[in-house]
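Here the structure comes first, spelled out in structure tokens, and everything after it is commentary.
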Protein chains: 2
Amino acid sequence: MSTDNYVIDHRNKVKRVPKRGFYDKETVYKILDDGCVCHLSFVMDGQPFVIPTLYGRHENKLYFHGAASSRLIKNLEQGVEVCLAVTHIDGLVLARSAFHHSMNYRSVVVFGKAKLVADSGKNEALKVISDHIIPDRWEEVRQPTGKELKATAVLELTIDQASAKIREGGPVDDEPDYILDIWAGVIPMKHLFQAPIVDEKMTKELHIPNSVKNLLDSQERA
Amino acid sequence: MSTDNYVIDHRNKVKRVPKRGFYDKETVYKILDDGCVCHLSFVMDGQPFVIPTLYGRHENKLYFHGAASSRLIKNLEQGVEVCLAVTHIDGLVLARSAFHHSMNYRSVVVFGKAKLVADSGKNEALKVISDHIIPDRWEEVRQPTGKELKATAVLELTIDQASAKIREGGPVDDEPDYILDIWAGVIPMKHLFQAPIVDEKMTKELHIPNSVKNLLDSQERA
């Protein structure tokens with residue numbers, strides 16, 4: 001197996017509709033990079049928890065941040081196993097039968113252990129998260145102070161295993177159903193940025209910064 | 001405490017920024033009803049798993065479906081504790097400092113145990129999921145056969161505890177930062193339906209059905 005694929009076992013194997021499963025890093029990274037919020041799950045006293053949280057990716061590592069005092073951080077900094085998912089909903093798939101209705105989506109499930117980033121690495125890790133969400137914003141803003149860095153905990157997760165699952169295209173109906181007089185097709189869905197709203201507390205009129213302009217331009221081109 | 005609120009304890013208490021936390025059913029239901037995919041987490045042999053899945057809500061119950069043979073179903077039908085989250089990303093919040101950057105979002109975390117829906121209740125439960133995603137579509141399509149119902153497992157989760165968390169509005173910066181020449185504001189985000197794409201295998205030209213028309217109209221009005 002190429003080093004560009006994750007090892008497949010019972011944890012990450014796509015069991016339902018195996019042809020929709022992918023295990024290569026290129027596919028996994030592309031889906032991770034298209035999102036900015038993941039759902040991170042962990043176990044505490046046998047109870048599962050799942051929490052939405054921002055992330056950034058650098059190579060085979062994901063970064064998360066939170067208040068140093070938060071439950072998420074307190075639990076994960078102990079190096080416990082986590083599972084996280086990133087999901088993009090691309091459309092509703094309307095078939096001729098109720099049974100064959102579906103969704104178009106791109107999702108990734110990641111397994112690994114998180115560990116706390118040392119104080120010396122926090123600034124760089126936070127920049128990874130910021131760059132992931134809105135490239136070049138980091139350079140435009142007031143940098144973190146020592147006190148702010150201290151109040152922020154940053155976690156690093158090396159992606160141990162992962163799999164992607166993708167469904168695309170139109171409905172797939174049972175052969176006899178194609179003659180039915182029932183409309184079938186796809187309603188595409190897109191998560192889109194809207195026109196920026198300037199903070200009413202701005203004391204001067206400033207141009208929209210490059211980071212925002214580029215973000216909106218890249219959406220136009222997509 | 002009113003019966004319209006969930007009991008608050010360590011599981012569902014919003015610890016970070018408590019003023020963003022809500023425990024009333026009205027708020028929780030509204031956020032659940034605005035989505036159609038949740039992230040469902042459960043524990044198997046001590047390992048957390050999180051899986052994106054469709055859902056529907058009826059009163060204080062959520063319904064999920066899957067192939068009767070799937071891992072999700074096999075695990076959850078045993079009546080294990082689950083935690084699920086539904087998250088809507090409403091915008092990026094750009095502050096003057098890196099530290100105060102944020103997101104606008106509406107999220108719900110739900111706790112409870114899932115149980116298998118008996119064969120006699122499956123059809124009605126599947127209709128709840130269908131109506132949740134696209135109202136009135138169920139009546140337009142070819143109904144499930146006995147064989148299809150048999151191949152589908154449906155789970156019912158009574159919402160035992162839940163909490164909602166909402167962040168809205170502009171950035172909140174530290175007082176001394178307001179004079180800085182840094183653009184601040186919000187980039188709103190919306191998950192939008194696009195123009196429907198007719199299945200190329202349609203044998204006749206049929207009008208867009210009411211379910212699709214109403215879904216798009218309700219988005220226009222929102």
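We label chains A, B, ... in the order they appear in the structure tokens, count residues from 1 in each chain, and number ligands from 1 in the order shown.
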
Excluding B:Lys115 and any residue of its chain fewer than 4 positions from it, enumerate the residues within 6 Å of it, using only C-alpha atoms, and give them as a list in words.
Glu77, Gly79, Leu155 and Glu156 of chain B

Could you give me, as JSON lines, a per-residue list for stretch 54-112 of chain A showing, wherever an atom lies at most 12 Å from an atom of stretch 7-29 of chain A, the closest pair of atoms and their distance in Å to one decimal, using only C-alpha atoms and sorting by chain then residue number from low to high?
```
{"residue": "A:Gly56", "atom": "CA", "partner": "A:Tyr29", "partner_atom": "CA", "distance": 10.9}
{"residue": "A:Arg57", "atom": "CA", "partner": "A:Tyr29", "partner_atom": "CA", "distance": 8.2}
{"residue": "A:His58", "atom": "CA", "partner": "A:Tyr29", "partner_atom": "CA", "distance": 9.6}
{"residue": "A:Glu59", "atom": "CA", "partner": "A:Tyr29", "partner_atom": "CA", "distance": 8.5}
{"residue": "A:Asn60", "atom": "CA", "partner": "A:Tyr29", "partner_atom": "CA", "distance": 8.4}
{"residue": "A:Lys61", "atom": "CA", "partner": "A:Tyr29", "partner_atom": "CA", "distance": 10.3}
{"residue": "A:Leu62", "atom": "CA", "partner": "A:Tyr29", "partner_atom": "CA", "distance": 10.4}
{"residue": "A:Val82", "atom": "CA", "partner": "A:Arg11", "partner_atom": "CA", "distance": 11.9}
{"residue": "A:Cys83", "atom": "CA", "partner": "A:Arg11", "partner_atom": "CA", "distance": 9.9}
{"residue": "A:Leu84", "atom": "CA", "partner": "A:Asn12", "partner_atom": "CA", "distance": 11.4}
{"residue": "A:Ala85", "atom": "CA", "partner": "A:Val28", "partner_atom": "CA", "distance": 11.0}
{"residue": "A:Val86", "atom": "CA", "partner": "A:Val28", "partner_atom": "CA", "distance": 9.9}
{"residue": "A:Thr87", "atom": "CA", "partner": "A:Val28", "partner_atom": "CA", "distance": 11.3}
{"residue": "A:Asn104", "atom": "CA", "partner": "A:Arg20", "partner_atom": "CA", "distance": 11.0}
{"residue": "A:Tyr105", "atom": "CA", "partner": "A:Arg20", "partner_atom": "CA", "distance": 10.3}
{"residue": "A:Arg106", "atom": "CA", "partner": "A:Val28", "partner_atom": "CA", "distance": 9.6}
{"residue": "A:Ser107", "atom": "CA", "partner": "A:Val28", "partner_atom": "CA", "distance": 8.4}
{"residue": "A:Val108", "atom": "CA", "partner": "A:Val28", "partner_atom": "CA", "distance": 6.3}
{"residue": "A:Val109", "atom": "CA", "partner": "A:Asn12", "partner_atom": "CA", "distance": 7.4}
{"residue": "A:Val110", "atom": "CA", "partner": "A:Asn12", "partner_atom": "CA", "distance": 7.9}
{"residue": "A:Phe111", "atom": "CA", "partner": "A:Asn12", "partner_atom": "CA", "distance": 7.9}
{"residue": "A:Gly112", "atom": "CA", "partner": "A:Arg11", "partner_atom": "CA", "distance": 11.0}
```

Same residues, N, CA and C atoms, saved as an mmCIF file, in the first residue's frame:
```
data_model
loop_
_atom_site.group_PDB
_atom_site.id
_atom_site.type_symbol
_atom_site.label_atom_id
_atom_site.label_comp_id
_atom_site.auth_asym_id
_atom_site.auth_seq_id
_atom_site.Cartn_x
_atom_site.Cartn_y
_atom_site.Cartn_z
ATOM 1 N N GLY A 56 -7.798 23.582 11.818
ATOM 2 C CA GLY A 56 -6.925 23.889 10.701
ATOM 3 C C GLY A 56 -6.101 22.654 10.414
ATOM 4 N N ARG A 57 -5.668 22.498 9.164
ATOM 5 C CA ARG A 57 -4.826 21.348 8.817
ATOM 6 C C ARG A 57 -3.458 21.813 8.344
ATOM 7 N N HIS A 58 -2.411 21.135 8.800
ATOM 8 C CA HIS A 58 -1.074 21.322 8.223
ATOM 9 C C HIS A 58 -0.500 19.928 8.029
ATOM 10 N N GLU A 59 -0.235 19.570 6.769
ATOM 11 C CA GLU A 59 0.217 18.219 6.432
ATOM 12 C C GLU A 59 -0.719 17.186 7.065
ATOM 13 N N ASN A 60 -0.194 16.232 7.815
ATOM 14 C CA ASN A 60 -1.086 15.189 8.350
ATOM 15 C C ASN A 60 -1.560 15.483 9.772
ATOM 16 N N LYS A 61 -1.537 16.763 10.149
ATOM 17 C CA LYS A 61 -1.963 17.143 11.499
ATOM 18 C C LYS A 61 -3.135 18.123 11.461
ATOM 19 N N LEU A 62 -4.024 17.975 12.425
ATOM 20 C CA LEU A 62 -5.117 18.928 12.596
ATOM 21 C C LEU A 62 -4.905 19.682 13.906
ATOM 22 N N VAL A 82 -9.823 10.222 19.887
ATOM 23 C CA VAL A 82 -10.964 10.990 19.397
ATOM 24 C C VAL A 82 -11.333 10.510 17.997
ATOM 25 N N CYS A 83 -12.530 10.838 17.629
ATOM 26 C CA CYS A 83 -12.995 10.593 16.267
ATOM 27 C C CYS A 83 -13.648 11.896 15.839
ATOM 28 N N LEU A 84 -13.347 12.347 14.643
ATOM 29 C CA LEU A 84 -13.999 13.575 14.195
ATOM 30 C C LEU A 84 -14.486 13.415 12.771
ATOM 31 N N ALA A 85 -15.502 14.179 12.447
ATOM 32 C CA ALA A 85 -16.067 14.134 11.097
ATOM 33 C C ALA A 85 -16.210 15.542 10.547
ATOM 34 N N VAL A 86 -15.955 15.664 9.251
ATOM 35 C CA VAL A 86 -16.213 16.899 8.493
ATOM 36 C C VAL A 86 -17.139 16.508 7.351
ATOM 37 N N THR A 87 -18.233 17.212 7.211
ATOM 38 C CA THR A 87 -19.250 16.823 6.236
ATOM 39 C C THR A 87 -19.701 18.027 5.415
ATOM 40 N N ASN A 104 -26.418 14.138 -1.731
ATOM 41 C CA ASN A 104 -25.051 14.208 -2.225
ATOM 42 C C ASN A 104 -24.212 14.858 -1.133
ATOM 43 N N TYR A 105 -23.065 14.283 -0.870
ATOM 44 C CA TYR A 105 -22.236 14.759 0.244
ATOM 45 C C TYR A 105 -20.787 14.358 0.022
ATOM 46 N N ARG A 106 -19.908 15.017 0.748
ATOM 47 C CA ARG A 106 -18.500 14.639 0.855
ATOM 48 C C ARG A 106 -18.184 14.665 2.346
ATOM 49 N N SER A 107 -17.762 13.538 2.883
ATOM 50 C CA SER A 107 -17.476 13.514 4.314
ATOM 51 C C SER A 107 -16.171 12.790 4.590
ATOM 52 N N VAL A 108 -15.580 13.167 5.699
ATOM 53 C CA VAL A 108 -14.341 12.523 6.156
ATOM 54 C C VAL A 108 -14.514 12.170 7.624
ATOM 55 N N VAL A 109 -14.056 10.991 7.991
ATOM 56 C CA VAL A 109 -13.989 10.604 9.397
ATOM 57 C C VAL A 109 -12.519 10.362 9.725
ATOM 58 N N VAL A 110 -12.061 10.960 10.815
ATOM 59 C CA VAL A 110 -10.642 10.892 11.217
ATOM 60 C C VAL A 110 -10.527 10.261 12.605
ATOM 61 N N PHE A 111 -9.527 9.413 12.788
ATOM 62 C CA PHE A 111 -9.228 8.831 14.100
ATOM 63 C C PHE A 111 -7.814 9.219 14.511
ATOM 64 N N GLY A 112 -7.641 9.454 15.793
ATOM 65 C CA GLY A 112 -6.299 9.765 16.299
ATOM 66 C C GLY A 112 -6.376 10.204 17.747
#
```

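Within 8 Å of B:Leu94, once only C-alpha atoms are used and residues closer than 4 positions along the same chain are dropped, the contacting residues are His100, His101, Ser102, Pro171, Trp183, Ala184, Gly185, Val186 and Ile187 of chain B.
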
Produce a file of the selected residues containing C-alpha atoms, as a PDB file, in the first residue's frame.
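Output contents, as saved in part-v2.pdb:
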```pdb
ATOM      1  CA  HIS B 100     -11.171  37.827  19.194  1.00  0.00           C
ATOM      2  CA  HIS B 101     -11.904  36.247  15.813  1.00  0.00           C
ATOM      3  CA  SER B 102     -14.963  34.028  16.061  1.00  0.00           C
ATOM      4  CA  PRO B 171     -16.934  41.206  16.692  1.00  0.00           C
ATOM      5  CA  TRP B 183     -11.069  46.260   9.126  1.00  0.00           C
ATOM      6  CA  ALA B 184     -13.547  44.371  11.310  1.00  0.00           C
ATOM      7  CA  GLY B 185     -16.915  42.878  10.541  1.00  0.00           C
ATOM      8  CA  VAL B 186     -18.836  39.749   9.684  1.00  0.00           C
ATOM      9  CA  ILE B 187     -18.853  37.620   6.523  1.00  0.00           C
TER      10      ILE B 187
END
```

Rounded to one decimal place, report the atom CA of B:Arg221-atom CA of B:Ala195 distance in Å.
15.7 Å

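Distance-wise, atom CA of B:Gln78 and atom CA of A:Phe42 end up 19.9 Å apart.
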
Please identify all polymer residues within 12 Å of A:Leu116, counting only C-alpha atoms, omitting same-chain residues fewer than 6 positions from it, and present them as a PDB file with N, CA and C atoms, in the first residue's frame.
```
ATOM      1  N   LEU A  62      -4.024  17.975  12.425  1.00  0.00           N
ATOM      2  CA  LEU A  62      -5.117  18.928  12.596  1.00  0.00           C
ATOM      3  C   LEU A  62      -4.905  19.682  13.906  1.00  0.00           C
ATOM      4  N   TYR A  63      -5.301  20.942  13.922  1.00  0.00           N
ATOM      5  CA  TYR A  63      -5.168  21.770  15.119  1.00  0.00           C
ATOM      6  C   TYR A  63      -6.533  22.303  15.542  1.00  0.00           C
ATOM      7  N   PHE A  64      -6.737  22.359  16.854  1.00  0.00           N
ATOM      8  CA  PHE A  64      -7.968  22.892  17.459  1.00  0.00           C
ATOM      9  C   PHE A  64      -7.547  23.836  18.566  1.00  0.00           C
ATOM     10  N   HIS A  65      -8.443  24.762  18.894  1.00  0.00           N
ATOM     11  CA  HIS A  65      -8.102  25.600  20.043  1.00  0.00           C
ATOM     12  C   HIS A  65      -9.337  25.833  20.893  1.00  0.00           C
ATOM     13  N   GLY A  66      -9.091  26.252  22.083  1.00  0.00           N
ATOM     14  CA  GLY A  66     -10.193  26.521  22.985  1.00  0.00           C
ATOM     15  C   GLY A  66      -9.649  27.201  24.216  1.00  0.00           C
ATOM     16  N   ALA A  68      -8.309  27.457  27.735  1.00  0.00           N
ATOM     17  CA  ALA A  68      -7.515  26.466  28.461  1.00  0.00           C
ATOM     18  C   ALA A  68      -8.366  25.754  29.511  1.00  0.00           C
ATOM     19  N   LEU A  72     -13.688  20.437  26.669  1.00  0.00           N
ATOM     20  CA  LEU A  72     -13.087  19.805  25.493  1.00  0.00           C
ATOM     21  C   LEU A  72     -11.578  19.678  25.695  1.00  0.00           C
ATOM     22  N   ILE A  73     -10.968  20.796  26.023  1.00  0.00           N
ATOM     23  CA  ILE A  73      -9.511  20.828  26.173  1.00  0.00           C
ATOM     24  C   ILE A  73      -9.073  19.953  27.342  1.00  0.00           C
ATOM     25  N   LYS A  74      -9.737  20.114  28.481  1.00  0.00           N
ATOM     26  CA  LYS A  74      -9.361  19.363  29.690  1.00  0.00           C
ATOM     27  C   LYS A  74      -9.360  17.858  29.418  1.00  0.00           C
ATOM     28  N   ASN A  75     -10.319  17.418  28.604  1.00  0.00           N
ATOM     29  CA  ASN A  75     -10.402  15.989  28.325  1.00  0.00           C
ATOM     30  C   ASN A  75      -9.392  15.539  27.290  1.00  0.00           C
ATOM     31  N   LEU A  76      -9.256  16.331  26.254  1.00  0.00           N
ATOM     32  CA  LEU A  76      -8.444  15.881  25.131  1.00  0.00           C
ATOM     33  C   LEU A  76      -6.957  16.012  25.380  1.00  0.00           C
ATOM     34  N   GLU A  77      -6.582  16.923  26.268  1.00  0.00           N
ATOM     35  CA  GLU A  77      -5.151  17.136  26.496  1.00  0.00           C
ATOM     36  C   GLU A  77      -4.514  15.930  27.169  1.00  0.00           C
ATOM     37  N   GLN A  78      -5.339  15.031  27.690  1.00  0.00           N
ATOM     38  CA  GLN A  78      -4.814  13.818  28.316  1.00  0.00           C
ATOM     39  C   GLN A  78      -4.399  12.778  27.274  1.00  0.00           C
ATOM     40  N   GLY A  79      -4.572  13.096  26.009  1.00  0.00           N
ATOM     41  CA  GLY A  79      -4.148  12.167  24.966  1.00  0.00           C
ATOM     42  C   GLY A  79      -5.140  11.043  24.736  1.00  0.00           C
ATOM     43  N   VAL A  80      -6.430  11.334  24.837  1.00  0.00           N
ATOM     44  CA  VAL A  80      -7.447  10.300  24.616  1.00  0.00           C
ATOM     45  C   VAL A  80      -7.765  10.153  23.123  1.00  0.00           C
ATOM     46  N   LYS A 122       2.377  27.428  20.183  1.00  0.00           N
ATOM     47  CA  LYS A 122       0.975  27.868  20.106  1.00  0.00           C
ATOM     48  C   LYS A 122       0.715  28.893  19.006  1.00  0.00           C
ATOM     49  N   ALA A 125       0.646  27.331  15.607  1.00  0.00           N
ATOM     50  CA  ALA A 125      -0.518  26.453  15.444  1.00  0.00           C
ATOM     51  C   ALA A 125      -1.805  27.268  15.265  1.00  0.00           C
ATOM     52  N   THR A 152      -5.272  30.482  25.951  1.00  0.00           N
ATOM     53  CA  THR A 152      -5.716  29.622  24.855  1.00  0.00           C
ATOM     54  C   THR A 152      -4.958  28.301  24.897  1.00  0.00           C
ATOM     55  N   ALA A 153      -5.680  27.207  24.852  1.00  0.00           N
ATOM     56  CA  ALA A 153      -5.020  25.908  24.723  1.00  0.00           C
ATOM     57  C   ALA A 153      -5.137  25.484  23.271  1.00  0.00           C
ATOM     58  N   VAL A 154      -4.082  24.874  22.746  1.00  0.00           N
ATOM     59  CA  VAL A 154      -4.109  24.405  21.364  1.00  0.00           C
ATOM     60  C   VAL A 154      -3.793  22.915  21.349  1.00  0.00           C
ATOM     61  N   LEU A 155      -4.594  22.184  20.622  1.00  0.00           N
ATOM     62  CA  LEU A 155      -4.408  20.735  20.521  1.00  0.00           C
ATOM     63  C   LEU A 155      -3.952  20.362  19.120  1.00  0.00           C
ATOM     64  N   GLU A 156      -3.102  19.350  19.072  1.00  0.00           N
ATOM     65  CA  GLU A 156      -2.601  18.838  17.797  1.00  0.00           C
ATOM     66  C   GLU A 156      -3.016  17.375  17.681  1.00  0.00           C
ATOM     67  N   LEU A 157      -3.624  17.051  16.578  1.00  0.00           N
ATOM     68  CA  LEU A 157      -4.044  15.669  16.335  1.00  0.00           C
ATOM     69  C   LEU A 157      -3.335  15.158  15.093  1.00  0.00           C
ATOM     70  N   THR A 158      -2.499  14.151  15.234  1.00  0.00           N
ATOM     71  CA  THR A 158      -1.926  13.511  14.058  1.00  0.00           C
ATOM     72  C   THR A 158      -2.977  12.548  13.524  1.00  0.00           C
TER      73      THR A 158
END
```

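For the residues A:Leu149, A:Val212, A:Ile159, A:Val198, ranking by smallest atom-to-atom distance to chain B using only C-alpha atoms places A:Val198 first.
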
Of A:Asp119, A:Tyr55, A:Ser211, A:Ala98, the one nearest to A:Asp34 when counting only C-alpha atoms is A:Tyr55

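Proximity to chain A was assessed for B:Asp181, B:Asp136, B:Glu168, B:Asp4 counting only C-alpha atoms; the smallest distance is recorded for B:Asp181.
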
As a PyMOL selection string, please: every residue in stretch 132-182 of chain A that DSSP puts in helix (DSSP H, G or I).
chain A and resi 132-133+137-140+146-151+175-179
